[in-house]
$ cat protein37.cif   # mmCIF, C-alpha atoms
data_my_file
loop_
_atom_site.label_atom_id
_atom_site.label_comp_id
_atom_site.auth_asym_id
_atom_site.auth_seq_id
_atom_site.Cartn_x
_atom_site.Cartn_y
_atom_site.Cartn_z
CA MET P 1 26.86 2.28 29.21
CA HIS P 2 24.60 5.30 29.53
CA ASP P 3 25.11 6.17 25.85
CA LEU P 4 24.22 2.61 24.86
CA LEU P 5 20.99 2.74 26.87
CA THR P 6 20.14 6.15 25.39
CA TRP P 7 20.45 4.65 21.90
CA PHE P 8 18.71 1.37 22.72
CA TYR P 9 15.67 2.74 24.55
CA PRO P 10 14.02 4.50 21.53
CA LEU P 11 14.64 1.40 19.40
CA LEU P 12 13.05 -0.81 22.06
CA LEU P 13 10.09 1.59 22.23
CA ASP P 14 9.65 1.46 18.45
CA LEU P 15 9.80 -2.33 18.44
CA THR P 16 7.21 -2.45 21.23
CA ARG P 17 4.86 -0.26 19.21
CA VAL P 18 5.39 -2.44 16.15
CA GLY P 19 4.61 -5.52 18.23
CA ILE P 20 1.39 -4.00 19.56
CA TRP P 21 0.25 -3.02 16.06
CA PHE P 22 1.15 -6.44 14.68
CA VAL P 23 -0.84 -8.26 17.36
CA ALA P 24 -3.78 -5.86 16.91
CA VAL P 25 -4.10 -6.32 13.14
CA CYS P 26 -3.63 -10.08 13.46
CA VAL P 27 -6.39 -10.29 16.08
CA ILE P 28 -8.70 -8.36 13.74
CA PHE P 29 -7.92 -9.86 10.35
CA ILE P 30 -6.91 -13.50 10.92
CA PRO P 31 -10.33 -14.54 12.32
CA LEU P 32 -12.14 -12.56 9.59
CA GLU P 33 -10.04 -14.17 6.86
CA ARG P 34 -10.63 -17.63 8.28
CA ILE P 35 -14.41 -17.22 8.63
CA PHE P 36 -15.12 -15.14 5.50
CA ALA P 37 -12.29 -16.21 3.21
CA ALA P 38 -12.53 -15.31 -0.46
CA ARG P 39 -10.11 -18.15 -1.22
CA LYS P 40 -8.94 -20.98 0.97
CA GLN P 41 -5.42 -20.18 2.18
CA LYS P 42 -3.21 -21.25 5.04
CA VAL P 43 -2.35 -18.82 7.83
CA LEU P 44 1.23 -20.13 7.88
CA ARG P 45 1.72 -19.53 4.19
CA LYS P 46 4.75 -19.11 1.96
CA GLN P 47 6.89 -16.00 2.62
CA LEU P 48 5.15 -15.29 5.94
CA GLY P 49 8.46 -14.74 7.73
CA ASN P 50 9.59 -12.24 5.10
CA ASP P 51 6.29 -10.37 5.35
CA CYS P 52 6.69 -10.05 9.13
CA ALA P 53 10.16 -8.57 8.54
CA TYR P 54 8.71 -6.11 6.02
CA PHE P 55 6.06 -5.21 8.62
CA VAL P 56 8.79 -4.17 11.07
CA MET P 57 10.71 -2.22 8.41
CA SER P 58 7.56 -0.40 7.34
CA TRP P 59 7.07 1.03 10.82
CA ILE P 60 10.67 1.95 11.64
CA LEU P 61 12.21 3.25 8.40
CA PRO P 62 9.65 5.66 6.83
CA PRO P 63 9.33 8.21 9.68
CA VAL P 64 13.11 8.57 9.88
CA LEU P 65 13.73 8.78 6.12
CA MET P 66 10.66 10.81 5.07
CA ALA P 67 10.78 13.54 7.74
CA PRO P 68 13.66 15.59 6.24
CA VAL P 69 12.24 15.31 2.71
CA LEU P 70 8.77 16.48 3.74
CA ALA P 71 10.15 19.29 5.88
CA LEU P 72 12.19 20.49 2.90
CA VAL P 73 9.12 20.34 0.61
CA TYR P 74 7.09 22.34 3.12
CA TRP P 75 9.63 25.11 3.59
CA VAL P 76 10.45 25.37 -0.12
CA SER P 77 6.76 25.68 -0.99
CA ARG P 78 6.40 28.43 1.63
CA GLY P 79 9.05 30.34 -0.24
CA LEU P 80 7.50 29.87 -3.67
CA ILE P 81 3.76 30.23 -2.99
CA PRO P 82 2.25 33.51 -1.65
CA GLU P 83 1.58 33.49 2.09
CA ALA P 84 -2.03 34.51 1.46
CA PHE P 85 -2.63 31.07 -0.08
CA PHE P 86 -1.41 29.26 3.03
CA ALA P 87 -3.44 31.59 5.25
CA ALA P 88 -6.57 30.68 3.26
CA VAL P 89 -5.78 26.98 3.57
CA ALA P 90 -5.20 27.31 7.33
CA ALA P 91 -8.62 28.99 7.68
CA ILE P 92 -10.41 25.94 6.29
CA PRO P 93 -12.02 23.85 9.08
CA PHE P 94 -9.94 20.86 10.11
CA TRP P 95 -12.37 18.20 8.90
CA GLN P 96 -12.55 19.82 5.45
CA ARG P 97 -8.76 20.05 5.26
CA ALA P 98 -8.58 16.40 6.25
CA ILE P 99 -10.95 15.34 3.45
CA LEU P 100 -9.09 17.50 0.91
CA ALA P 101 -5.79 15.99 2.07
CA LEU P 102 -7.12 12.44 1.77
CA ILE P 103 -8.27 13.16 -1.80
CA LEU P 104 -5.11 15.03 -2.82
CA GLY P 105 -2.93 12.41 -1.14
CA ASP P 106 -4.57 9.59 -3.05
CA VAL P 107 -4.24 11.50 -6.33
CA GLY P 108 -0.52 11.89 -5.63
CA TYR P 109 -0.28 8.23 -4.63
CA TYR P 110 -2.13 7.22 -7.81
CA TRP P 111 0.50 8.81 -10.04
CA GLY P 112 3.38 7.57 -7.92
CA HIS P 113 1.91 4.07 -7.94
CA ARG P 114 1.35 4.24 -11.68
CA ALA P 115 5.01 5.23 -12.14
CA LEU P 116 6.06 2.24 -10.02
CA HIS P 117 4.38 0.03 -12.62
CA THR P 118 5.43 1.82 -15.80
CA VAL P 119 9.01 2.99 -15.09
CA PRO P 120 11.30 -0.10 -15.36
CA LEU P 121 13.72 1.13 -12.68
CA LEU P 122 10.89 1.65 -10.19
CA TRP P 123 9.21 -1.66 -11.10
CA ARG P 124 12.34 -3.50 -9.95
CA PHE P 125 11.45 -2.44 -6.41
CA HIS P 126 7.65 -2.59 -6.67
CA SER P 127 7.69 -6.11 -8.13
CA VAL P 128 8.55 -7.42 -4.65
CA HIS P 129 5.07 -6.38 -3.53
CA HIS P 130 3.42 -7.92 -6.59
CA SER P 131 5.29 -11.21 -6.28
CA ALA P 132 2.62 -12.42 -3.84
CA GLU P 133 0.67 -15.34 -5.32
CA GLU P 134 -1.83 -15.26 -2.44
CA LEU P 135 -3.38 -12.14 -0.95
CA ASP P 136 -4.06 -11.41 2.69
CA PHE P 137 -3.80 -8.38 4.95
CA LEU P 138 -0.03 -8.77 5.54
CA ILE P 139 0.73 -8.46 1.82
CA ASP P 140 0.00 -4.74 2.22
CA LEU P 141 3.44 -4.25 3.79
CA ARG P 142 5.43 -6.63 1.59
CA MET P 143 7.31 -3.66 0.14
CA HIS P 144 10.93 -2.97 -0.62
CA PRO P 145 11.95 0.11 1.43
CA VAL P 146 12.58 2.12 -1.76
CA ASP P 147 9.09 1.23 -3.02
CA MET P 148 7.59 2.09 0.36
CA LEU P 149 9.27 5.48 0.55
CA PHE P 150 8.47 6.42 -3.05
CA GLY P 151 4.80 5.51 -2.69
CA ARG P 152 4.29 7.29 0.62
CA LEU P 153 6.16 10.40 -0.48
CA SER P 154 4.05 10.51 -3.66
CA GLY P 155 0.96 10.84 -1.48
CA LEU P 156 2.36 13.20 1.15
CA ILE P 157 4.40 15.66 -0.93
CA PRO P 158 1.32 17.34 -2.51
CA VAL P 159 -0.26 17.63 0.95
CA TYR P 160 2.80 19.37 2.40
CA ALA P 161 3.45 21.48 -0.71
CA LEU P 162 -0.05 23.00 -0.64
CA GLY P 163 -0.09 23.66 3.09
CA LEU P 164 -2.63 21.01 4.10
CA GLY P 165 -0.01 19.51 6.38
CA ALA P 166 2.97 20.85 8.31
CA PRO P 167 6.02 19.24 9.96
CA THR P 168 5.03 20.49 13.44
CA GLY P 169 2.09 21.87 15.38
CA VAL P 170 -1.58 21.41 14.55
CA GLY P 171 -0.71 20.97 10.87
CA SER P 172 0.98 17.68 11.64
CA LEU P 173 -2.39 16.12 12.54
CA VAL P 174 -3.47 15.93 8.88
CA PRO P 175 -0.43 13.91 7.70
CA ALA P 176 -0.86 11.69 10.77
CA LEU P 177 -4.49 11.10 9.77
CA ILE P 178 -3.38 10.22 6.21
CA ALA P 179 -0.75 7.82 7.52
CA ILE P 180 -3.17 6.04 9.88
CA THR P 181 -5.98 5.89 7.31
CA GLY P 182 -3.62 4.69 4.58
CA THR P 183 -2.16 1.96 6.77
CA LEU P 184 -5.47 0.60 8.00
CA TRP P 185 -7.06 0.85 4.54
CA GLY P 186 -4.05 -0.94 3.05
CA PHE P 187 -4.61 -3.91 5.36
CA PHE P 188 -8.30 -3.92 4.44
CA ILE P 189 -7.98 -3.82 0.64
CA HIS P 190 -5.41 -6.65 0.66
CA ALA P 191 -7.49 -8.82 3.00
CA ASN P 192 -8.70 -12.21 1.84
CA LEU P 193 -12.39 -11.37 2.39
CA ARG P 194 -15.31 -12.38 0.20
CA PHE P 195 -17.67 -9.53 1.14
CA ARG P 196 -19.22 -7.35 -1.56
CA TYR P 197 -20.09 -3.74 -0.77
CA GLY P 198 -22.66 -2.70 -3.36
CA PRO P 199 -22.64 0.97 -4.44
CA VAL P 200 -19.91 1.71 -1.87
CA GLU P 201 -17.41 0.00 -4.19
CA TRP P 202 -17.73 2.97 -6.56
CA LEU P 203 -16.73 5.39 -3.80
CA PHE P 204 -14.18 3.57 -1.63
CA GLY P 205 -11.42 1.10 -2.41
CA THR P 206 -12.35 -2.46 -1.39
CA PRO P 207 -10.72 -5.91 -1.56
CA PRO P 208 -12.58 -6.88 -4.80
CA PHE P 209 -11.37 -3.65 -6.44
CA HIS P 210 -7.76 -4.09 -5.32
CA ARG P 211 -7.57 -7.79 -6.16
CA TRP P 212 -7.71 -6.80 -9.84
CA HIS P 213 -4.66 -4.62 -9.27
CA HIS P 214 -2.72 -7.73 -8.21
CA ALA P 215 -4.07 -9.87 -11.06
CA LEU P 216 -1.53 -11.68 -13.20
CA ARG P 217 -3.84 -11.03 -16.14
CA PRO P 218 -4.72 -8.30 -17.01
CA ALA P 219 -2.08 -6.08 -15.44
CA ASN P 220 -1.71 -2.38 -14.65
CA GLN P 221 -5.08 -1.15 -13.41
CA ASN P 222 -6.72 0.12 -10.19
CA TYR P 223 -3.81 2.19 -8.86
CA ALA P 224 -5.74 4.24 -6.29
CA ALA P 225 -5.88 3.01 -2.72
CA LEU P 226 -8.82 4.88 -1.21
CA TRP P 227 -10.86 6.41 -4.07
CA PRO P 228 -11.62 4.15 -7.09
CA TRP P 229 -13.14 7.08 -8.98
CA ILE P 230 -9.60 8.43 -9.44
CA ASP P 231 -8.95 5.40 -11.65
CA MET P 232 -12.24 6.06 -13.43
CA ILE P 233 -11.16 9.63 -14.20
CA PHE P 234 -7.77 8.58 -15.56
CA GLY P 235 -8.99 5.51 -17.45
CA THR P 236 -7.40 2.74 -15.39
CA TYR P 237 -10.47 1.40 -13.57
CA TYR P 238 -11.10 -2.32 -14.06
CA ALA P 239 -13.64 -4.32 -12.07
CA PRO P 240 -15.78 -6.60 -14.25
CA LYS P 241 -18.99 -7.53 -12.48
CA GLY P 242 -19.22 -11.10 -11.21
CA GLU P 243 -15.59 -11.93 -11.98
CA SER P 244 -12.34 -12.14 -10.01
CA PRO P 245 -8.71 -12.69 -11.01
CA ALA P 246 -7.65 -16.20 -11.99
CA ALA P 247 -4.18 -15.80 -10.49
CA TYR P 248 -1.96 -13.25 -8.76
CA GLY P 249 1.76 -12.59 -9.04
CA ILE P 250 4.32 -11.53 -11.66
CA ASP P 251 5.79 -13.05 -14.80
CA SER P 252 9.24 -13.13 -13.20
CA VAL P 253 11.15 -15.26 -10.74
CA MET P 254 11.38 -13.54 -7.38
CA PRO P 255 14.04 -14.91 -4.97
CA GLU P 256 12.61 -16.28 -1.74
CA GLU P 257 15.42 -15.02 0.52
CA LEU P 258 14.69 -11.67 2.18
CA SER P 259 18.26 -10.45 1.61
CA ALA P 260 18.01 -11.19 -2.12
CA GLN P 261 14.65 -9.41 -2.40
CA LEU P 262 16.22 -6.34 -0.81
CA LEU P 263 19.43 -6.38 -2.88
CA ASP P 264 18.37 -7.61 -6.32
CA PRO P 265 16.55 -4.42 -7.41
CA PHE P 266 19.82 -2.51 -7.02
CA LEU P 267 21.78 -5.05 -9.07
CA GLY P 268 19.64 -5.28 -12.18
CA PRO P 269 16.21 -6.15 -13.54
CA VAL P 270 13.98 -8.68 -11.83
CA ARG P 271 14.89 -12.25 -12.79
CA PRO P 272 14.04 -13.36 -16.36
CA ALA P 273 10.34 -13.70 -17.03
CA VAL P 274 8.73 -17.11 -16.79
CA ALA P 275 5.97 -17.75 -19.31
CA VAL P 276 2.59 -18.64 -17.80
CA PRO P 277 0.72 -20.99 -20.16
CA ALA P 278 -2.94 -20.16 -20.72
CA ALA P 279 -3.85 -23.60 -19.41
CA SER P 280 -2.16 -22.81 -16.10
CA VAL P 281 -4.15 -19.60 -15.72
CA ALA P 282 -7.39 -21.44 -16.48
CA SER P 283 -6.47 -24.12 -13.96
CA ALA P 284 -5.75 -21.50 -11.32
CA SER P 285 -9.16 -19.98 -11.95
CA ALA P 286 -10.90 -23.30 -11.48
CA THR P 287 -9.02 -24.36 -8.36
CA ALA P 288 -9.40 -20.96 -6.72
CA GLY P 289 -13.15 -21.08 -7.03
CA VAL P 290 -13.64 -17.78 -8.76
CA ALA P 291 -17.38 -17.77 -8.25
CA ALA P 292 -16.93 -18.34 -4.51
CA ASP P 293 -14.37 -15.56 -4.41
CA GLU P 294 -16.96 -12.90 -5.19
CA ARG P 295 -19.97 -14.45 -3.49
CA ALA P 296 -21.93 -12.12 -1.22
CA VAL P 297 -22.23 -13.08 2.43
#
$ encode --input "protein37.cif" --output "structure tokens"
Amino acid sequence: MHDLLTWFYPLLLDLTRVGIWFVAVCVIFIPLERIFAARKQKVLRKQLGNDCAYFVMSWILPPVLMAPVLALVYWVSRGLIPEAFFAAVAAIPFWQRAILALILGDVGYYWGHRALHTVPLLWRFHSVHHSAEELDFLIDLRMHPVDMLFGRLSGLIPVYALGLGAPTGVGSLVPALIAITGTLWGFFIHANLRFRYGPVEWLFGTPPFHRWHHALRPANQNYAALWPWIDMIFGTYYAPKGESPAAYGIDSVMPEELSAQLLDPFLGPVRPAVAVPAASVASASATAGVAADERAV
């Protein structure tokens, strides 16, 4: 009985933390999305139950599965790179290291995210995230666990490899800052909000910027999460002024059952593509109220 309680208590603690986070983000974003909606959508929308399940998985699985990988990366890099380099990095003030880590982490995430779109094997997993036909803050965590781990490791491995983060001690604060910033920013850029941000949109990722990443047409742009200028540097920035996507989603059939979404990527390609007639895209644009989508408040 004691062994059972020893095993169950940490799980119960994790689930409690997940519940607190879930309530907190709902309290923040649901009212905002109802009052300042970019597009009219229901709170109790399609796939909501699945997205709640993905929310739980996103908080429980990554720390357990990523920790040994990142620890290995850190210790291997310490053996390959001169110690003087890590001493110089450690001497940088914390706030500067944090900014460098946020930039380097998003560059790593950019290339990992780009690979998720361009490598067919990886797209099988990432297409679960892009199957959303409506965007709101919870879509941020509609991710297959393989997709989730690949994306997060892409951002954190460069940080650990170059000594900006460490598995333990003070160095662990920088990866924690990246994780918290990335999570909160992910909710924000997926949110169904109609605000425009002026010149800030060139510096920081915003919902209008990220909505084009989820566009059914055109596809494969705006891979960065935090810094849009990374896309500008690598030629994948797309944010036409005064316009918004006509429709979101993928040209494939995604099963609605959670179990099928988790298993299908291992069994073969995403279901056969379904053609989207041009008339349907035009209709989606009209019914969504594209002009209203980008209207300033």
$ atom_distance --input "protein37.cif" --atom1 "CA of Trp59 in chain P" --atom2 "CA of Val76 in chain P"
26.9 Å
$ atom_distance --input "protein37.cif" --atom1 "CA of Phe125 in chain P" --atom2 "CA of Arg17 in chain P"
26.5 Å
$ closest_residue --input "protein37.cif" --among "P:Leu173, P:Ile99, P:Leu203, P:Leu141" --to "Phe22 in chain P" --atoms "all atoms listed in the file"
P:Leu141
$ closest_atom_pairs --input "protein37.cif" --of "range 190-237 of chain P" --to "range 33-42 of chain P" --cutoff "6 Å" --atoms "all atoms listed in the file" --output "Markdown table"
| residue | atom | partner | partner_atom | distance |
| --- | --- | --- | --- | --- |
| P:Asn192 | CA | P:Ala38 | CA | 5.4 |
| P:Leu193 | CA | P:Ala38 | CA | 4.9 |
| P:Arg194 | CA | P:Ala38 | CA | 4.1 |
$ resolve_selection --input "protein37.cif" --expression "the PyMOL selection byres ((chain P and resi 51) around 12)" --output "ChimeraX atom specification"
/P:22,44-50,52-58,128-129,131-132,135-144,256-258,261
$ residues_around --input "protein37.cif" --residues "Ala215 in chain P" --least-positions-apart "3" --cutoff "8 Å" --atoms "all atoms listed in the file" --output "list in words"
Arg211, Trp212, Pro218, Ala219, Pro245, Ala246, Ala247, Tyr248 and Gly249 of chain P
$ residues_around --input "protein37.cif" --residues "Val73 in chain P" --least-positions-apart "2" --cutoff "7 Å" --atoms "only C-alpha atoms" --output "CSV table (one decimal) with C-alpha atoms, in the frame of the given file"
chain,number,residue,atom,x,y,z
P,69,VAL,CA,12.2,15.3,2.7
P,70,LEU,CA,8.8,16.5,3.7
P,71,ALA,CA,10.2,19.3,5.9
P,75,TRP,CA,9.6,25.1,3.6
P,76,VAL,CA,10.4,25.4,-0.1
P,77,SER,CA,6.8,25.7,-1.0
P,157,ILE,CA,4.4,15.7,-0.9
P,160,TYR,CA,2.8,19.4,2.4
P,161,ALA,CA,3.4,21.5,-0.7
